[in-house]
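J.: I'd like to ask some things about the structure below.
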Amino acid sequence: MPLKSTSNKALDRLNNAVNILIKYGFQSILVKTGLLTRKVTQRNFPDIDPSLSKWQRMRLATQDLGPTAVRLAQYLALRPDILPDELISEFAHLESPKLTITKAEAESIFEKFTHRATAKTFQYFDNQSTLQDGFTATFRAKLLTGEDVAVKILPPDTQSVVLADIALFKRLASLTSGVLEKLGVNNPVALIEDFERTILPELDLSKEADKMRRFTKAYKGINSFVVPELFPQYTSTNSLVTYYYNSTSVANANEFVAWGLQQKAVADRFLSIFISGMLDTGLFLATPLKEIIRVLPDGRIYFADYGTAGLLTSDQRVWINDVVAALSTRNSMVLADSMRKLSYNSEVYDFQLFRNDIQSLADNLYFMESTDYYMREFAMGIMRIAYKHKLLIPAEVVSAFNALAIAENITLSITPTSRISEFFKTYGNRLLRDRMQPDRFKTLFNKNMTQVSDFLEVSPLELSLILKKLRRGEFVANLSIKESSSFFRRIDVSVNKLCYVIIIAVLIISATLIMVFGQNTYMFMGIPLTSGIAYALALIMALWLLIYNARTRYNSKEQ
């Protein structure tokens, strides 16, 4: 039976998780981990439809485990090397549970963290939240100065709850590591730790305010996109106040069409903004949900939430640009080289096979340009190739590819005639022209010369330190040799060959010296007998060495 606890909150949470897993018929896994001492049949829970597949039950169980579990599932859905396609497809339908927070609770949190009374700040505060994402709730309000604003509230115990959930997931991962490793999930605890580093920055609204400032600076002068004005005096770790726009969700086509806007124009504008933002500035939303993407009556686009905003480094942005350019021309060499540079470990042991896999993906995408899963197939294909060739792709890059797939789905939900592949071709042609610009070569030259200069400057100092350690006897080298017996046998053979060569050389030199300077020696056919014997021995040893080398090379090729 599940664990019982009445006092320990950690055990209570574990008990609740175990009950949920039993509810959806995963008691066999719990038995293998030792969390259950006997199987509990699913007949205890008649509300579960027995016709549901295993993957559907996994999705429902994840939904019941709460917002942290949902976010973890969405994070793991980026890893086709870990999760099967069927489960990834199910996780695509996950929705974060709605956060229930009252007006009184929201006002109390605002006053506690901003040290401002709501009565002296707002002339109006809505009774119900208009947007929830599982962790935060957003209320509409009006400041005493007359501005309509959106007040985003983060409950103060959210971070502790998320950390407790993550600790629970780590414990479950540790207990089920044996089962998970058999399924191909290596080091599941490390995966949870990576997720922890990803989600914790989102639980601080002051950091979201910083992200909004970046977007404001990056999109300055772009008339088709607007970043809501930020009110920093009302912003804290648990509250965020921004200007409120009368808008509708990008998925609510009926409403913005009634405003006189065209569906394809809105879809193309959103996709253009999203792609240009990622490729030109490196800024993007990791999870651009439909509720977050908003349309104004004048056709402008804005984002209602920046909590999941990500930023690519300048090198990552350049390499992703090269990926897009290579996709538009189906250039497998550039695409393979860009993907190799994107990884933490750029060593590819079989580059020809790697390039063939990339070319196969590019060809497959060429025939999928008119389908609904172009970007999803690309993201999944890249991850499969990375897993096959043991490349470590940065989490930001994986998140960016997944964000493009989500953006593609949003666009297709507005109008099926808008294709992300067409935008890739447009940007690809521009990027190919940019690659040939003198400024790009100048930048690359300056970067390479800087690296060479740094190397020349640091190398003498590093070499000096190594020599000092050698003189003091402090230099220690640790060698780890795989198949040491074979390694030492090869050394022994090489030394023997070297000895044979030296002996042959000594025989030839000795025979020559005797023949030139020898006096009163016995002659045979005009050659000193000693020299003849030495030449004959040298010839026999040389022929034996050549035959041995030829046989060794032939045997190695056969193997």
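Each chain in the structure tokens gets a letter, A, B, ..., in the order shown, and its residues are numbered from 1; ligands are numbered from 1 in order too.
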Mind checking which residues fall within 10 Å of Asp268 in chain A, counting only C-alpha atoms, ignoring those fewer than 6 positions away in the same chain, and posting them as a list of chain:residue names?

T.: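 Surrounding residues, per the criterion: A:Phe274, A:Thr411, A:Ile414, A:Thr415, A:Thr417, A:Ser418, A:Arg419, A:Ile420, A:Phe423.
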
J.: May I have the selected residues written with N, CA and C atoms, as a PDB file, in the first residue's frame?

T.:
```pdb
ATOM      1  N   PHE A 274       8.092  36.821 -34.448  1.00  0.00           N
ATOM      2  CA  PHE A 274       8.701  35.792 -33.613  1.00  0.00           C
ATOM      3  C   PHE A 274      10.027  35.318 -34.201  1.00  0.00           C
ATOM      4  N   THR A 411       0.324  29.581 -35.577  1.00  0.00           N
ATOM      5  CA  THR A 411       0.058  30.191 -36.880  1.00  0.00           C
ATOM      6  C   THR A 411      -0.924  29.353 -37.691  1.00  0.00           C
ATOM      7  N   ILE A 414      -4.498  29.717 -36.772  1.00  0.00           N
ATOM      8  CA  ILE A 414      -5.139  30.947 -37.274  1.00  0.00           C
ATOM      9  C   ILE A 414      -5.556  30.765 -38.724  1.00  0.00           C
ATOM     10  N   THR A 415      -4.593  30.287 -39.527  1.00  0.00           N
ATOM     11  CA  THR A 415      -4.877  30.037 -40.940  1.00  0.00           C
ATOM     12  C   THR A 415      -3.960  28.933 -41.439  1.00  0.00           C
ATOM     13  N   THR A 417      -2.915  28.415 -44.348  1.00  0.00           N
ATOM     14  CA  THR A 417      -2.148  28.800 -45.534  1.00  0.00           C
ATOM     15  C   THR A 417      -0.830  29.477 -45.201  1.00  0.00           C
ATOM     16  N   SER A 418      -0.568  29.723 -43.930  1.00  0.00           N
ATOM     17  CA  SER A 418       0.685  30.365 -43.527  1.00  0.00           C
ATOM     18  C   SER A 418       1.686  29.287 -43.144  1.00  0.00           C
ATOM     19  N   ARG A 419       2.846  29.268 -43.800  1.00  0.00           N
ATOM     20  CA  ARG A 419       3.839  28.215 -43.607  1.00  0.00           C
ATOM     21  C   ARG A 419       5.155  28.810 -43.114  1.00  0.00           C
ATOM     22  N   ILE A 420       5.699  28.186 -42.078  1.00  0.00           N
ATOM     23  CA  ILE A 420       6.961  28.668 -41.540  1.00  0.00           C
ATOM     24  C   ILE A 420       8.104  28.430 -42.524  1.00  0.00           C
ATOM     25  N   PHE A 423       8.769  31.474 -44.603  1.00  0.00           N
ATOM     26  CA  PHE A 423       9.533  32.498 -43.890  1.00  0.00           C
ATOM     27  C   PHE A 423      11.009  32.111 -43.813  1.00  0.00           C
TER      28      PHE A 423
END
```

J.: Skipping near chain neighbours, those fewer than 4 positions away, what residues fall within 12 Å of Thr114 in chain A using only C-alpha atoms, listed as a ChimeraX atom specification?

T.: /A:107-110,118,121,153,206,231-241

J.: Take CA of Glu196 in chain A and CA of Phe401 in chain A and report the distance between them in Å, one decimal.

T.: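 Atom-to-atom, CA of Glu196 in chain A and CA of Phe401 in chain A are spaced 20.1 Å apart.
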
J.: At a cut-off of 12 Å, using only C-alpha atoms, what residues contact Ser224 in chain A? Leave out same-chain residues fewer than 4 positions from it and give the result as a PyMOL selection string.

T.: chain A and resi 219-220+265-266+268-274+295-302

J.: Mind checking DSSP for range 113-345 of chain A and telling me the strand (DSSP E or B) residues as a compact mmCIF listing (two decimals) with all heavy atoms, in the first residue's frame?

T.:
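New file part_31.txt:
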```
# COMPACT_ATOMS: atom_id res chain seq x y z
N PHE A 122 -4.63 51.92 -6.43
CA PHE A 122 -5.60 51.60 -7.47
C PHE A 122 -6.94 52.25 -7.15
O PHE A 122 -7.37 52.29 -5.99
CB PHE A 122 -5.80 50.09 -7.60
CG PHE A 122 -4.53 49.32 -7.83
CD1 PHE A 122 -3.93 48.62 -6.79
CD2 PHE A 122 -3.94 49.30 -9.08
CE1 PHE A 122 -2.77 47.90 -7.00
CE2 PHE A 122 -2.78 48.57 -9.29
CZ PHE A 122 -2.19 47.88 -8.25
N GLN A 123 -7.60 52.72 -8.20
CA GLN A 123 -8.98 53.15 -8.04
C GLN A 123 -9.95 52.04 -8.40
O GLN A 123 -11.14 52.12 -8.10
CB GLN A 123 -9.26 54.39 -8.90
CG GLN A 123 -9.02 54.21 -10.39
CD GLN A 123 -9.42 55.42 -11.19
OE1 GLN A 123 -10.62 55.73 -11.29
NE2 GLN A 123 -8.44 56.12 -11.76
N TYR A 124 -9.39 50.98 -9.01
CA TYR A 124 -10.22 49.82 -9.37
C TYR A 124 -9.32 48.59 -9.42
O TYR A 124 -8.19 48.65 -9.89
CB TYR A 124 -10.90 50.04 -10.73
CG TYR A 124 -11.55 48.80 -11.30
CD1 TYR A 124 -12.79 48.35 -10.84
CD2 TYR A 124 -10.91 48.04 -12.29
CE1 TYR A 124 -13.38 47.21 -11.35
CE2 TYR A 124 -11.50 46.90 -12.81
CZ TYR A 124 -12.73 46.48 -12.33
OH TYR A 124 -13.29 45.34 -12.84
N PHE A 125 -9.82 47.46 -8.92
CA PHE A 125 -9.09 46.18 -8.95
C PHE A 125 -10.10 45.09 -9.21
O PHE A 125 -11.06 44.93 -8.45
CB PHE A 125 -8.37 45.95 -7.61
CG PHE A 125 -7.25 44.96 -7.69
CD1 PHE A 125 -5.94 45.39 -7.81
CD2 PHE A 125 -7.49 43.60 -7.65
CE1 PHE A 125 -4.89 44.48 -7.87
CE2 PHE A 125 -6.46 42.68 -7.73
CZ PHE A 125 -5.15 43.13 -7.84
N LEU A 131 -5.90 35.88 -16.41
CA LEU A 131 -4.93 34.98 -17.01
C LEU A 131 -4.19 34.23 -15.91
O LEU A 131 -3.75 34.83 -14.94
CB LEU A 131 -3.92 35.77 -17.87
CG LEU A 131 -2.83 34.97 -18.60
CD1 LEU A 131 -3.46 34.07 -19.65
CD2 LEU A 131 -1.81 35.91 -19.24
N GLN A 132 -4.10 32.90 -16.05
CA GLN A 132 -3.37 32.08 -15.09
C GLN A 132 -2.44 31.14 -15.86
O GLN A 132 -2.77 30.69 -16.95
CB GLN A 132 -4.31 31.24 -14.22
CG GLN A 132 -5.38 32.03 -13.48
CD GLN A 132 -6.65 32.17 -14.29
OE1 GLN A 132 -6.85 31.47 -15.27
NE2 GLN A 132 -7.50 33.10 -13.89
N ALA A 137 -1.16 34.62 -11.38
CA ALA A 137 -2.50 35.05 -11.80
C ALA A 137 -2.43 36.55 -12.12
O ALA A 137 -1.77 37.30 -11.40
CB ALA A 137 -3.53 34.79 -10.72
N THR A 138 -3.09 36.95 -13.19
CA THR A 138 -3.06 38.34 -13.63
C THR A 138 -4.45 38.96 -13.49
O THR A 138 -5.44 38.40 -13.96
CB THR A 138 -2.58 38.44 -15.09
OG1 THR A 138 -1.29 37.83 -15.20
CG2 THR A 138 -2.49 39.88 -15.53
N PHE A 139 -4.51 40.14 -12.84
CA PHE A 139 -5.75 40.87 -12.62
C PHE A 139 -5.73 42.18 -13.39
O PHE A 139 -4.67 42.81 -13.54
CB PHE A 139 -5.95 41.18 -11.13
CG PHE A 139 -6.16 39.97 -10.26
CD1 PHE A 139 -5.09 39.19 -9.85
CD2 PHE A 139 -7.43 39.61 -9.85
CE1 PHE A 139 -5.27 38.07 -9.04
CE2 PHE A 139 -7.63 38.50 -9.04
CZ PHE A 139 -6.55 37.73 -8.64
N ARG A 140 -6.89 42.59 -13.84
CA ARG A 140 -7.01 43.90 -14.47
C ARG A 140 -7.31 44.93 -13.39
O ARG A 140 -8.10 44.68 -12.47
CB ARG A 140 -8.12 43.90 -15.52
CG ARG A 140 -8.26 45.21 -16.25
CD ARG A 140 -9.35 45.17 -17.29
NE ARG A 140 -9.50 46.45 -17.95
CZ ARG A 140 -10.41 46.73 -18.89
NH1 ARG A 140 -11.26 45.76 -19.29
NH2 ARG A 140 -10.47 47.92 -19.44
N ALA A 141 -6.69 46.11 -13.50
CA ALA A 141 -6.88 47.17 -12.51
C ALA A 141 -6.68 48.52 -13.18
O ALA A 141 -6.30 48.61 -14.35
CB ALA A 141 -5.91 46.98 -11.34
N LYS A 142 -6.93 49.57 -12.41
CA LYS A 142 -6.72 50.95 -12.89
C LYS A 142 -6.03 51.73 -11.78
O LYS A 142 -6.47 51.73 -10.62
CB LYS A 142 -8.04 51.62 -13.27
CG LYS A 142 -7.87 53.09 -13.69
CD LYS A 142 -9.16 53.70 -14.20
CE LYS A 142 -9.43 53.21 -15.61
NZ LYS A 142 -10.52 54.00 -16.26
N LEU A 143 -4.93 52.38 -12.15
CA LEU A 143 -4.19 53.17 -11.19
C LEU A 143 -4.94 54.46 -10.87
O LEU A 143 -5.81 54.91 -11.64
CB LEU A 143 -2.80 53.51 -11.72
CG LEU A 143 -1.86 52.32 -11.99
CD1 LEU A 143 -0.58 52.81 -12.65
CD2 LEU A 143 -1.56 51.58 -10.70
N ASP A 148 -4.91 52.08 -17.27
CA ASP A 148 -5.37 50.70 -17.16
C ASP A 148 -4.14 49.80 -17.10
O ASP A 148 -3.25 49.89 -17.97
CB ASP A 148 -6.24 50.32 -18.36
CG ASP A 148 -7.61 50.97 -18.30
OD1 ASP A 148 -8.12 51.13 -17.19
OD2 ASP A 148 -8.14 51.32 -19.37
N VAL A 149 -4.10 48.91 -16.12
CA VAL A 149 -2.90 48.09 -15.93
C VAL A 149 -3.30 46.63 -15.73
O VAL A 149 -4.44 46.31 -15.40
CB VAL A 149 -2.07 48.56 -14.72
CG1 VAL A 149 -1.47 49.94 -14.98
CG2 VAL A 149 -2.90 48.54 -13.45
N ALA A 150 -2.32 45.76 -15.94
CA ALA A 150 -2.44 44.34 -15.63
C ALA A 150 -1.51 44.06 -14.45
O ALA A 150 -0.31 44.36 -14.51
CB ALA A 150 -2.05 43.49 -16.83
N VAL A 151 -2.07 43.50 -13.39
CA VAL A 151 -1.31 43.23 -12.17
C VAL A 151 -1.07 41.73 -12.07
O VAL A 151 -2.00 40.95 -11.88
CB VAL A 151 -2.05 43.75 -10.92
CG1 VAL A 151 -1.20 43.53 -9.67
CG2 VAL A 151 -2.42 45.22 -11.07
N LYS A 152 0.18 41.33 -12.21
CA LYS A 152 0.54 39.92 -12.15
C LYS A 152 1.02 39.59 -10.75
O LYS A 152 1.90 40.26 -10.20
CB LYS A 152 1.65 39.61 -13.17
CG LYS A 152 1.95 38.14 -13.34
CD LYS A 152 2.96 37.94 -14.46
CE LYS A 152 3.22 36.46 -14.72
NZ LYS A 152 4.16 36.25 -15.84
N ILE A 153 0.44 38.55 -10.16
CA ILE A 153 0.72 38.19 -8.77
C ILE A 153 1.30 36.78 -8.70
O ILE A 153 0.77 35.84 -9.31
CB ILE A 153 -0.56 38.27 -7.91
CG1 ILE A 153 -1.10 39.71 -7.90
CG2 ILE A 153 -0.29 37.78 -6.50
CD1 ILE A 153 -0.17 40.71 -7.24
N PHE A 225 4.86 45.55 -33.49
CA PHE A 225 4.97 44.87 -32.20
C PHE A 225 5.12 45.90 -31.09
O PHE A 225 5.80 46.93 -31.26
CB PHE A 225 6.17 43.92 -32.19
CG PHE A 225 6.35 43.16 -30.91
CD1 PHE A 225 5.54 42.06 -30.63
CD2 PHE A 225 7.30 43.53 -29.98
CE1 PHE A 225 5.69 41.35 -29.45
CE2 PHE A 225 7.46 42.82 -28.80
CZ PHE A 225 6.66 41.73 -28.54
N LEU A 230 6.09 49.21 -18.56
CA LEU A 230 6.34 48.66 -17.23
C LEU A 230 6.29 49.76 -16.19
O LEU A 230 6.79 50.86 -16.40
CB LEU A 230 7.72 47.98 -17.22
CG LEU A 230 8.18 47.34 -15.91
CD1 LEU A 230 7.32 46.13 -15.58
CD2 LEU A 230 9.65 46.94 -16.03
N SER A 239 5.20 40.69 -7.58
CA SER A 239 4.18 41.50 -8.26
C SER A 239 4.80 42.19 -9.47
O SER A 239 5.98 42.58 -9.44
CB SER A 239 3.58 42.54 -7.31
OG SER A 239 4.57 43.49 -6.94
N LEU A 240 4.00 42.31 -10.52
CA LEU A 240 4.46 42.95 -11.75
C LEU A 240 3.28 43.72 -12.34
O LEU A 240 2.22 43.15 -12.59
CB LEU A 240 4.95 41.89 -12.75
CG LEU A 240 5.43 42.40 -14.11
CD1 LEU A 240 6.69 43.23 -13.95
CD2 LEU A 240 5.68 41.23 -15.05
N VAL A 241 3.46 45.01 -12.54
CA VAL A 241 2.40 45.87 -13.05
C VAL A 241 2.81 46.41 -14.41
O VAL A 241 3.86 47.05 -14.53
CB VAL A 241 2.09 47.02 -12.08
CG1 VAL A 241 0.99 47.92 -12.64
CG2 VAL A 241 1.67 46.47 -10.72
N THR A 242 2.00 46.15 -15.42
CA THR A 242 2.26 46.62 -16.77
C THR A 242 1.00 47.25 -17.35
O THR A 242 -0.11 47.05 -16.82
CB THR A 242 2.71 45.46 -17.69
OG1 THR A 242 1.68 44.46 -17.72
CG2 THR A 242 4.00 44.85 -17.18
N TYR A 243 1.17 47.98 -18.42
CA TYR A 243 0.03 48.62 -19.07
C TYR A 243 -0.91 47.55 -19.63
O TYR A 243 -0.47 46.53 -20.17
CB TYR A 243 0.50 49.55 -20.18
CG TYR A 243 -0.60 50.40 -20.76
CD1 TYR A 243 -1.00 51.57 -20.12
CD2 TYR A 243 -1.25 50.03 -21.93
CE1 TYR A 243 -2.02 52.36 -20.66
CE2 TYR A 243 -2.26 50.81 -22.46
CZ TYR A 243 -2.65 51.97 -21.82
OH TYR A 243 -3.66 52.73 -22.34
N THR A 248 -7.27 40.78 -27.85
CA THR A 248 -7.82 39.43 -27.87
C THR A 248 -6.71 38.44 -28.17
O THR A 248 -5.64 38.80 -28.66
CB THR A 248 -8.93 39.31 -28.93
OG1 THR A 248 -9.54 38.02 -28.81
CG2 THR A 248 -8.36 39.45 -30.33
N SER A 249 -6.96 37.18 -27.84
CA SER A 249 -5.98 36.14 -28.12
C SER A 249 -5.80 35.97 -29.62
O SER A 249 -6.73 36.14 -30.40
CB SER A 249 -6.42 34.81 -27.49
OG SER A 249 -5.65 33.74 -27.98
N LEU A 283 16.21 36.98 -28.79
CA LEU A 283 15.14 36.94 -27.79
C LEU A 283 13.97 36.11 -28.32
O LEU A 283 13.60 36.21 -29.49
CB LEU A 283 14.66 38.35 -27.47
CG LEU A 283 15.65 39.26 -26.71
CD1 LEU A 283 15.17 40.69 -26.72
CD2 LEU A 283 15.85 38.77 -25.29
N PHE A 284 13.38 35.33 -27.44
CA PHE A 284 12.23 34.51 -27.84
C PHE A 284 11.48 34.07 -26.59
O PHE A 284 12.01 34.13 -25.47
CB PHE A 284 12.68 33.28 -28.64
CG PHE A 284 13.48 32.29 -27.84
CD1 PHE A 284 12.88 31.17 -27.28
CD2 PHE A 284 14.84 32.48 -27.63
CE1 PHE A 284 13.61 30.27 -26.53
CE2 PHE A 284 15.58 31.58 -26.88
CZ PHE A 284 14.97 30.47 -26.33
N LEU A 285 10.23 33.65 -26.78
CA LEU A 285 9.45 33.04 -25.70
C LEU A 285 9.57 31.53 -25.82
O LEU A 285 9.29 30.95 -26.88
CB LEU A 285 7.97 33.44 -25.80
CG LEU A 285 7.61 34.91 -25.54
CD1 LEU A 285 6.10 35.08 -25.58
CD2 LEU A 285 8.16 35.40 -24.23
N ILE A 293 -0.11 35.32 -26.61
CA ILE A 293 0.04 36.10 -27.84
C ILE A 293 -1.26 36.86 -28.08
O ILE A 293 -2.31 36.27 -28.30
CB ILE A 293 0.36 35.19 -29.04
CG1 ILE A 293 1.47 34.19 -28.69
CG2 ILE A 293 0.72 36.02 -30.25
CD1 ILE A 293 2.74 34.83 -28.23
N ARG A 294 -1.17 38.19 -28.04
CA ARG A 294 -2.36 39.03 -28.11
C ARG A 294 -2.34 39.91 -29.36
O ARG A 294 -1.27 40.27 -29.88
CB ARG A 294 -2.46 39.94 -26.87
CG ARG A 294 -2.23 39.24 -25.54
CD ARG A 294 -3.33 38.27 -25.20
NE ARG A 294 -4.59 38.94 -24.97
CZ ARG A 294 -5.71 38.32 -24.62
NH1 ARG A 294 -5.72 36.98 -24.49
NH2 ARG A 294 -6.83 38.99 -24.42
N VAL A 295 -3.56 40.24 -29.83
CA VAL A 295 -3.72 41.09 -31.01
C VAL A 295 -4.49 42.34 -30.61
O VAL A 295 -5.54 42.25 -29.96
CB VAL A 295 -4.48 40.35 -32.14
CG1 VAL A 295 -4.57 41.22 -33.38
CG2 VAL A 295 -3.79 39.03 -32.46
N ILE A 301 0.87 43.25 -32.54
CA ILE A 301 1.01 42.06 -31.70
C ILE A 301 1.74 42.45 -30.42
O ILE A 301 2.64 43.29 -30.43
CB ILE A 301 1.81 40.97 -32.44
CG1 ILE A 301 1.17 40.64 -33.79
CG2 ILE A 301 1.94 39.71 -31.58
CD1 ILE A 301 -0.17 39.96 -33.70
N TYR A 302 1.32 41.84 -29.31
CA TYR A 302 2.12 41.98 -28.09
C TYR A 302 2.00 40.71 -27.26
O TYR A 302 1.09 39.91 -27.44
CB TYR A 302 1.69 43.22 -27.28
CG TYR A 302 0.53 43.03 -26.34
CD1 TYR A 302 0.74 42.74 -24.99
CD2 TYR A 302 -0.79 43.18 -26.76
CE1 TYR A 302 -0.32 42.59 -24.11
CE2 TYR A 302 -1.86 43.04 -25.90
CZ TYR A 302 -1.61 42.74 -24.57
OH TYR A 302 -2.66 42.58 -23.70
N PHE A 303 2.98 40.52 -26.38
CA PHE A 303 3.03 39.35 -25.50
C PHE A 303 2.56 39.76 -24.12
O PHE A 303 3.03 40.77 -23.57
CB PHE A 303 4.44 38.77 -25.42
CG PHE A 303 5.02 38.36 -26.76
CD1 PHE A 303 6.39 38.36 -26.96
CD2 PHE A 303 4.19 37.96 -27.79
CE1 PHE A 303 6.93 37.99 -28.18
CE2 PHE A 303 4.71 37.59 -29.02
CZ PHE A 303 6.08 37.61 -29.22
N ALA A 309 10.67 33.89 -21.24
CA ALA A 309 11.53 34.49 -22.27
C ALA A 309 12.94 33.96 -22.14
O ALA A 309 13.48 33.81 -21.04
CB ALA A 309 11.51 36.01 -22.16
N GLY A 310 13.55 33.66 -23.29
CA GLY A 310 14.92 33.16 -23.32
C GLY A 310 15.79 34.05 -24.18
O GLY A 310 15.29 34.86 -24.97
N LEU A 311 17.09 33.91 -24.03
CA LEU A 311 18.05 34.72 -24.78
C LEU A 311 19.17 33.83 -25.28
O LEU A 311 19.83 33.14 -24.50
CB LEU A 311 18.61 35.83 -23.90
CG LEU A 311 19.70 36.71 -24.55
CD1 LEU A 311 19.12 37.47 -25.74
CD2 LEU A 311 20.30 37.67 -23.54
```
